[in-house]
Amino acid sequence: MGTPTDELLHELTRARVRPGDEVIVPSYGTPEAAEAVLLAGARPVFVDIDAHTYCIDPAAVSEALTPRTAAIVAIHTFGHPADMAALTELGQRHGVLVIGYGAACEPAGEILRRQANAAYLDGKLRGVLTPPVAPGVEHTYQQYVVRVPGNGRPDRDAFARTLRSRGVVCHVPVQTPAHRTARFRRDLWLAETERAADECLALPVDPTMSRRELQRVVSACNALGGLLQSAA
């Protein structure tokens, strides 16, 4: 079984993406899509995400289309599906292939339990912004990603450190967007991508978690009020 980069490269090759072509990809997330584009000999074009879904923003894609655009890679981020209807319409209008990637391939029972855990957290957490879900779609919560309000990265990182000290396993889902890494560095300002990288934190939502474990997450988060005041 190939790696995710191999799978995307296969799709790009099938789409006859060639050297000199451009492929539109999100910067927020793993760099797999951009790596696959480079392996195909093409140029990754990074665009911004939707502020609510964390998936590639169709409006940003529309602005980035050029005669050299050969494909659009739409990643279903954290288990929330990208807006494939809008992206497909764009692709058809401009003769560009749209490749969806990252949908969950796992037992339905695990997805249902994770959705139930996410619903519990949605109803109990205070002081953090819980993950919104676009109308008419199913979020599988491969990661349960909240936003920590306040002064961006310093408050988010302090919040995460305190949660870990209280036994809650959490992590920053995207430390550095692809367009700011050494391999793909671009002189771009992608406002929603930057904001998500500074504010987002993934909380545990594993399907095996008990109600007591979920309540421990809620208690630890709510005790902080979602925002740690600076020492100043």
# chains A, B, ... in the order shown; residues from 1 in each chain; ligands from 1
>>> closest_atom_pairs(of="region 109-187 of chain A", to="region 48-71 of chain A", cutoff="8 Å", atoms="only C-alpha atoms", output="tab-separated table")
residue	atom	partner	partner_atom	distance
A:Pro131	CA	A:His52	CA	7.5
A:Pro132	CA	A:His52	CA	6.1
A:Val133	CA	A:Thr53	CA	6.9
A:Ala134	CA	A:Thr53	CA	7.2
>>> write_last_selection(atoms="N, CA and C atoms", output="short mmCIF file (atom, residue, chain, number, x, y, z; two decimals), in the first residue's frame")
data_model
loop_
_atom_site.label_atom_id
_atom_site.label_comp_id
_atom_site.auth_asym_id
_atom_site.auth_seq_id
_atom_site.Cartn_x
_atom_site.Cartn_y
_atom_site.Cartn_z
N PRO A 131 -15.65 23.08 16.99
CA PRO A 131 -15.62 23.01 15.52
C PRO A 131 -17.01 23.17 14.90
N PRO A 132 -17.20 24.18 14.06
CA PRO A 132 -18.47 24.30 13.34
C PRO A 132 -18.55 23.28 12.22
N VAL A 133 -19.76 22.97 11.81
CA VAL A 133 -19.97 22.01 10.71
C VAL A 133 -20.87 22.69 9.68
N ALA A 134 -20.45 22.66 8.43
CA ALA A 134 -21.24 23.28 7.36
C ALA A 134 -22.56 22.53 7.21
#
>>> residues_around(residues="Ala15 (chain A)", least_positions_apart="5", cutoff="10 Å", atoms="only C-alpha atoms", output="PyMOL selection string")
chain A and resi 9-10+70-71+96-99
>>> select_by_dssp(residues="region 74-111 of chain A", states="helix (DSSP H, G or I)", output="list in words")
Met84, Ala85, Ala86, Leu87, Thr88, Glu89, Leu90, Gly91, Gln92, Arg93, His94, Ala108, Gly109, Glu110 and Ile111 of chain A
>>> write_last_selection(atoms="C-alpha atoms", output="compact mmCIF listing (two decimals), in the first residue's frame")
# COMPACT_ATOMS: atom_id res chain seq x y z
CA MET A 84 -16.70 19.69 -3.46
CA ALA A 85 -19.84 21.04 -5.14
CA ALA A 86 -18.41 24.56 -5.45
CA LEU A 87 -14.97 23.28 -6.40
CA THR A 88 -16.33 20.86 -8.99
CA GLU A 89 -18.36 23.67 -10.55
CA LEU A 90 -15.20 25.76 -10.76
CA GLY A 91 -13.27 22.88 -12.24
CA GLN A 92 -15.89 22.18 -14.88
CA ARG A 93 -16.12 25.84 -15.83
CA HIS A 94 -12.36 26.13 -16.31
CA ALA A 108 -18.72 3.22 10.65
CA GLY A 109 -18.94 2.28 14.34
CA GLU A 110 -15.73 4.16 15.14
CA ILE A 111 -16.93 7.23 13.27
>>> closest_residue(among="A:Cys221, A:Ile75, A:Val146, A:Ala36", to="Ala104 (chain A)", atoms="only C-alpha atoms")
A:Ile75
>>> closest_atom_pairs(of="region 116-157 of chain A", to="region 185-198 of chain A", cutoff="12 Å", atoms="only C-alpha atoms", output="tab-separated table")
residue	atom	partner	partner_atom	distance
A:Leu129	CA	A:Ala196	CA	11.8
A:Pro131	CA	A:Ala196	CA	12.0
A:Val145	CA	A:Ala196	CA	10.0
A:Val146	CA	A:Ala196	CA	9.7
A:Arg147	CA	A:Ala196	CA	7.7
A:Val148	CA	A:Asp198	CA	8.9
A:Pro149	CA	A:Asp198	CA	9.9
A:Gly150	CA	A:Asp198	CA	10.2
A:Asn151	CA	A:Asp198	CA	8.9
A:Gly152	CA	A:Asp198	CA	5.1
A:Arg153	CA	A:Asp198	CA	4.3
A:Pro154	CA	A:Asp198	CA	8.2
A:Asp155	CA	A:Asp198	CA	9.0
A:Arg156	CA	A:Asp198	CA	7.1
A:Asp157	CA	A:Asp198	CA	8.7
>>> select_by_dssp(residues="region 8-190 of chain A", states="strand (DSSP E or B)", output="PyMOL selection string")
chain A and resi 22-26+43-47+49+56+69-75+77+80+97-101+129+144-147+171
>>> closest_residue(among="A:Asp6, A:Val23, A:Gln143, A:Ala158", to="Pro173 (chain A)", atoms="only C-alpha atoms")
A:Gln143
>>> atom_distance(atom1="CA of Ser219 (chain A)", atom2="CA of His80 (chain A)")
25.9 Å
>>> closest_residue(among="A:Gly127, A:Gly95, A:Gly41, A:Pro107", to="Ala223 (chain A)", atoms="only C-alpha atoms")
A:Gly127
>>> atom_distance(atom1="CA of Arg183 (chain A)", atom2="CA of Leu38 (chain A)")
10.5 Å
>>> residues_around(residues="Val217 (chain A)", least_positions_apart="3", cutoff="12 Å", atoms="only C-alpha atoms", output="MDAnalysis selection string")
chainID A and resid 117:118 120:122 124:126 160 162:170 202:205 209:214 220:224
>>> closest_residue(among="A:His171, A:Arg216, A:Arg43, A:His139", to="Ile24 (chain A)", atoms="only C-alpha atoms")
A:Arg43
>>> closest_residue(among="A:Thr208, A:Ala119, A:Pro177, A:Val137", to="Gly79 (chain A)", atoms="only C-alpha atoms")
A:Val137
>>> atom_distance(atom1="CA of Pro26 (chain A)", atom2="CA of Ala74 (chain A)")
7.5 Å
